[in-house]
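Novice: Below is one structure. I have some questions about it.
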Amino acid sequence: MIKTKRLALDAVLAAIALLLFLVEAQIPPLTSIPGVKIGLANAVTLFAVCFLGKKDAAAILFVRVILGAVFAGNLSTFFYSASGAVCCYLVTCILYKPLCKTVWVLSVFGAAAHNAGQLLCACILLQSPSVFWYFPYLLIAAVISGAFTGICVHLILRRMKNRKEKWI
Amino acid sequence: MKHTHTLRLSNRFWIALFSAAVLLCVVFIILSRQFGSHTAVISKNGTEIARINLSRVTESYTIPMDGNVILVEPGSIRMQSADCPDQICVHQGVLHDTGRIVCLPNRVLIEMVHTKDAPDAKAG
């Protein structure tokens with residue numbers, strides 16, 4: 001019974017992440033710098049790592065990246081979102097233990113890793129190391145958007161804390 | 001307020017650290033803008049096609065590439081049109097002193113180069 005519930009929660013979270021990813025892709029870029037966005041889909045990853053654990057989060061991430069690329073566009077979308085998401089996930093998992101009390105800090109590091117991963121991917125795809133000139137812009141964006149999504153996740157976690165036993 | 005007591009020492013430490021990081025980035029951006037030259041490099045598939053000193057351009061002209069049209073004006077450069085559906089490169093706007101315009105579908109890259117310092121050494 002509990003396992004089924006957990007699976008259902010995984011599926012719902014994957015659906016939410018996919019929806020956020022697709023809706024966000026429709027918003028016109030805020031700046032002239034590609035890659036600057038709110039990153040709401042990463043909030044779901046962060047929530048899953050904190051609430052369900054690393055394995056479930058990896059599964060949700062996998063589903064989101066694959067289906068996101070299928071629905072949202074072409075192969076380059078897939079590479080960019082996959083590289084960013086994997087970096088974000090790895091850093092979040094590594095830093096989860098020391099930083100699990102301050103989720104927003106974890107989120108900022110995750111967002112920075114996401115942008116770094118995407119830049120690395122752009123560097124390889126475009127074969128131009130000069131894309132790293134973007135890094136300062138993206139770092140500023142990561143601090144702002146990471147803090148925002150982190151606070152969102154923090155608020156959700158606080159409300160879900162008492163019901164954790166019901167799910168897992 | 002319930003929020004205020006959660007703003008403990010560790011939070012303040014992180015806020016200070018991130019503010020410092022943002023400040024450092026802003027300083028870096030301002031410095032790189034000031035000392036940047038006005039040379040635009042156009043490349044396709046990672047190989048350089050043209051190198052244009054924008055401060056020496058006196059009248060505007062267009063560079064047609066298969067799929068993309070690049071508009072060069074005195075002191076600025078931009079993507080005029082593209083055959084891709086999302087038009088991201090067209091919406092990336094005008095370049096003056098820094099930044100780059102990327103067209104992923106056609107693998108075209110317009111970037112402003114900085115002659116003084118190596119771009120990848122600083123980003124580390």
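Residue numbering restarts at 1 in every chain; chains get A, B, ... in the order shown in the structure tokens, and ligands count up from 1 in that same order.
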Using only C-alpha atoms, find each residue of chain B with at least one atom at most 8 Å away from an atom of chain A; report its shortest atom-to-atom pair and that distance in Å (one decimal), sort the rows by chain and rising residue number, and return the result as a tab-separated table.
Specialist:
```
residue	atom	partner	partner_atom	distance
B:Asn11	CA	A:Thr102	CA	7.5
B:Trp14	CA	A:Val105	CA	7.0
B:Phe18	CA	A:Val143	CA	6.8
B:Ala21	CA	A:Ile140	CA	7.9
B:Val22	CA	A:Ile140	CA	5.4
B:Cys25	CA	A:Pro136	CA	4.9
B:Val26	CA	A:Pro136	CA	7.4
B:Phe28	CA	A:Pro136	CA	7.4
B:Ile29	CA	A:Pro136	CA	7.0
B:Asn45	CA	A:Leu126	CA	6.8
B:Gly46	CA	A:Gln127	CA	5.2
B:His91	CA	A:Ser32	CA	7.4
B:Gln92	CA	A:Ser32	CA	4.7
B:Gly93	CA	A:Ser32	CA	6.6
B:Gly99	CA	A:Tyr134	CA	7.6
B:Leu104	CA	A:Ser76	CA	7.6
B:Arg107	CA	A:Leu126	CA	6.9
B:Leu109	CA	A:Leu126	CA	7.8
B:Pro119	CA	A:Ser130	CA	5.5
B:Asp120	CA	A:Pro129	CA	6.0
B:Ala123	CA	A:Phe132	CA	6.0
```
Novice: Taking C-alpha atoms for each residue, export the selection above as a PDB file, in the first residue's frame.
Specialist:
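Resulting contents of again20.pdb:
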```pdb
ATOM      1  CA  ASN B  11      21.705  32.007   7.051  1.00  0.00           C
ATOM      2  CA  TRP B  14      25.276  32.297   3.325  1.00  0.00           C
ATOM      3  CA  PHE B  18      26.206  34.886  -2.041  1.00  0.00           C
ATOM      4  CA  ALA B  21      29.712  36.315  -5.155  1.00  0.00           C
ATOM      5  CA  VAL B  22      27.121  38.442  -6.955  1.00  0.00           C
ATOM      6  CA  CYS B  25      30.384  38.923 -10.794  1.00  0.00           C
ATOM      7  CA  VAL B  26      29.064  42.460 -11.288  1.00  0.00           C
ATOM      8  CA  PHE B  28      33.874  41.330 -13.342  1.00  0.00           C
ATOM      9  CA  ILE B  29      31.168  42.153 -15.890  1.00  0.00           C
ATOM     10  CA  ASN B  45      30.425  24.821 -36.699  1.00  0.00           C
ATOM     11  CA  GLY B  46      33.189  26.149 -34.467  1.00  0.00           C
ATOM     12  CA  HIS B  91      15.455  37.937 -30.204  1.00  0.00           C
ATOM     13  CA  GLN B  92      18.874  37.977 -28.567  1.00  0.00           C
ATOM     14  CA  GLY B  93      19.143  41.536 -29.824  1.00  0.00           C
ATOM     15  CA  GLY B  99      28.126  39.122 -25.258  1.00  0.00           C
ATOM     16  CA  LEU B 104      21.908  26.522 -32.203  1.00  0.00           C
ATOM     17  CA  ARG B 107      25.360  26.309 -35.312  1.00  0.00           C
ATOM     18  CA  LEU B 109      27.941  31.957 -33.284  1.00  0.00           C
ATOM     19  CA  PRO B 119      38.405  34.190 -22.054  1.00  0.00           C
ATOM     20  CA  ASP B 120      38.560  30.719 -20.571  1.00  0.00           C
ATOM     21  CA  ALA B 123      36.096  31.477 -15.724  1.00  0.00           C
TER      22      ALA B 123
END
```
Novice: Which of range 1-112 of chain B end up as alpha helix (DSSP H) when DSSP is run on this backbone - answer as a CSV table (one decimal) with N, CA and C atoms, in the first residue's frame?
Specialist:
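And here's states_16.csv as it stands now:
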```csv
chain,number,residue,atom,x,y,z
B,9,LEU,N,22.5,32.5,12.3
B,9,LEU,CA,23.9,32.8,11.9
B,9,LEU,C,24.2,32.2,10.6
B,10,SER,N,23.9,30.9,10.4
B,10,SER,CA,24.3,30.3,9.2
B,10,SER,C,23.6,30.9,8.0
B,11,ASN,N,22.4,31.3,8.1
B,11,ASN,CA,21.7,32.0,7.1
B,11,ASN,C,22.4,33.3,6.7
B,12,ARG,N,22.8,34.0,7.7
B,12,ARG,CA,23.5,35.3,7.5
B,12,ARG,C,24.8,35.1,6.8
B,13,PHE,N,25.5,34.0,7.2
B,13,PHE,CA,26.7,33.6,6.5
B,13,PHE,C,26.5,33.4,5.0
B,14,TRP,N,25.5,32.6,4.7
B,14,TRP,CA,25.3,32.3,3.3
B,14,TRP,C,24.8,33.5,2.5
B,15,ILE,N,24.0,34.3,3.2
B,15,ILE,CA,23.5,35.6,2.5
B,15,ILE,C,24.8,36.4,2.1
B,16,ALA,N,25.7,36.6,3.1
B,16,ALA,CA,26.9,37.4,2.9
B,16,ALA,C,27.7,36.8,1.8
B,17,LEU,N,27.9,35.4,1.8
B,17,LEU,CA,28.7,34.8,0.8
B,17,LEU,C,28.1,35.0,-0.6
B,18,PHE,N,26.8,34.8,-0.7
B,18,PHE,CA,26.2,34.9,-2.0
B,18,PHE,C,26.2,36.3,-2.5
B,19,SER,N,26.0,37.3,-1.6
B,19,SER,CA,26.1,38.7,-2.0
B,19,SER,C,27.5,39.0,-2.5
B,20,ALA,N,28.5,38.5,-1.8
B,20,ALA,CA,29.8,38.7,-2.2
B,20,ALA,C,30.1,38.2,-3.6
B,21,ALA,N,29.5,37.0,-3.8
B,21,ALA,CA,29.7,36.3,-5.2
B,21,ALA,C,29.1,37.1,-6.2
B,22,VAL,N,27.8,37.6,-6.0
B,22,VAL,CA,27.1,38.4,-7.0
B,22,VAL,C,27.9,39.7,-7.2
B,23,LEU,N,28.4,40.3,-6.2
B,23,LEU,CA,29.1,41.6,-6.3
B,23,LEU,C,30.4,41.4,-7.2
B,24,LEU,N,31.1,40.3,-6.9
B,24,LEU,CA,32.3,39.9,-7.7
B,24,LEU,C,31.9,39.8,-9.1
B,25,CYS,N,30.8,39.1,-9.4
B,25,CYS,CA,30.4,38.9,-10.8
B,25,CYS,C,30.1,40.3,-11.5
B,26,VAL,N,29.4,41.2,-10.7
B,26,VAL,CA,29.1,42.5,-11.3
B,26,VAL,C,30.3,43.2,-11.6
B,27,VAL,N,31.3,43.2,-10.7
B,27,VAL,CA,32.6,43.9,-10.9
B,27,VAL,C,33.2,43.3,-12.1
B,28,PHE,N,33.2,42.0,-12.2
B,28,PHE,CA,33.9,41.3,-13.3
B,28,PHE,C,33.2,41.7,-14.7
B,29,ILE,N,31.9,41.8,-14.7
B,29,ILE,CA,31.2,42.2,-15.9
B,29,ILE,C,31.5,43.6,-16.3
B,30,ILE,N,31.5,44.5,-15.3
B,30,ILE,CA,31.8,45.9,-15.6
B,30,ILE,C,33.2,46.1,-16.2
B,31,LEU,N,34.1,45.4,-15.5
B,31,LEU,CA,35.5,45.5,-15.9
B,31,LEU,C,35.7,44.9,-17.4
B,32,SER,N,35.0,43.8,-17.6
B,32,SER,CA,35.2,43.1,-18.9
B,32,SER,C,34.6,44.0,-20.0
B,33,ARG,N,33.5,44.8,-19.6
B,33,ARG,CA,32.9,45.7,-20.6
B,33,ARG,C,33.8,46.8,-20.9
B,34,GLN,N,34.5,47.3,-19.9
B,34,GLN,CA,35.3,48.5,-20.1
B,34,GLN,C,36.5,48.2,-20.9
B,35,PHE,N,37.1,47.1,-20.7
B,35,PHE,CA,38.4,46.8,-21.4
B,35,PHE,C,38.2,46.0,-22.6
B,88,ILE,N,15.3,32.4,-31.6
B,88,ILE,CA,16.0,32.8,-30.4
B,88,ILE,C,17.1,33.8,-30.7
B,89,CYS,N,17.9,33.5,-31.8
B,89,CYS,CA,19.0,34.3,-32.1
B,89,CYS,C,18.6,35.7,-32.5
B,90,VAL,N,17.4,35.8,-33.2
B,90,VAL,CA,17.0,37.2,-33.6
B,90,VAL,C,16.5,38.0,-32.4
B,91,HIS,N,15.9,37.3,-31.4
B,91,HIS,CA,15.5,37.9,-30.2
B,91,HIS,C,16.6,38.2,-29.2
```
Novice: Can you tell me, as a PyMOL selection string, what residues are no more than 7 Å from Val65 in chain A when counting only C-alpha atoms, ignoring any on the same chain fewer than 6 positions away?
Specialist: chain A and resi 78+81-82
Novice: As a PyMOL selection string, please: the residues near Ile38 in chain A (cut-off 8 Å, only C-alpha atoms, same-chain neighbours under 5 positions excluded).
Specialist: chain A and resi 24+145-146+149
Novice: For N, CA and C atoms, I'd like the residues from the last selection saved as a PDB file, in the first residue's frame.
Specialist:
```
ATOM      1  N   GLU A  24       7.433  26.870 -18.531  1.00  0.00           N
ATOM      2  CA  GLU A  24       8.539  27.812 -18.474  1.00  0.00           C
ATOM      3  C   GLU A  24       9.171  28.013 -19.842  1.00  0.00           C
ATOM      4  N   SER A 145      17.510  33.078  -8.744  1.00  0.00           N
ATOM      5  CA  SER A 145      16.477  32.077  -9.013  1.00  0.00           C
ATOM      6  C   SER A 145      16.595  30.900  -8.051  1.00  0.00           C
ATOM      7  N   GLY A 146      17.835  30.537  -7.704  1.00  0.00           N
ATOM      8  CA  GLY A 146      18.026  29.447  -6.754  1.00  0.00           C
ATOM      9  C   GLY A 146      17.452  29.762  -5.391  1.00  0.00           C
ATOM     10  N   THR A 149      13.500  29.570  -5.755  1.00  0.00           N
ATOM     11  CA  THR A 149      12.934  28.214  -5.765  1.00  0.00           C
ATOM     12  C   THR A 149      13.209  27.502  -4.444  1.00  0.00           C
TER      13      THR A 149
END
```
Novice: With distances taken over only C-alpha atoms, which of A:Lys161, A:Arg6, A:His114, A:Lys55 is nearest to Cys88 in chain A?
Specialist: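 Ranked by minimum distance to Cys88 in chain A, first place goes to A:His114.
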Novice: Using CA of Ser83 in chain A and CA of Val44 in chain A as the two end points, give the distance in Å to one decimal.
Specialist: 16.9 Å
Novice: In Å, with one decimal, what is the gap from CA of Phe21 in chain A to CA of Tyr96 in chain A?
Specialist: 23.2 Å
Novice: Between CA of Gly75 in chain B and CA of Ala40 in chain B, what is the distance in Å, rounded to a tenth?
Specialist: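 Between CA of Gly75 in chain B and CA of Ala40 in chain B the gap is 9.9 Å.
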Novice: Name the closest residue to Ser107 in chain A among the candidates A:Phe71, A:Leu20, A:Lys3, A:Phe148; distances are taken between atoms, counting only C-alpha atoms.
Specialist: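 Smallest separation from Ser107 in chain A among the options: A:Phe148.
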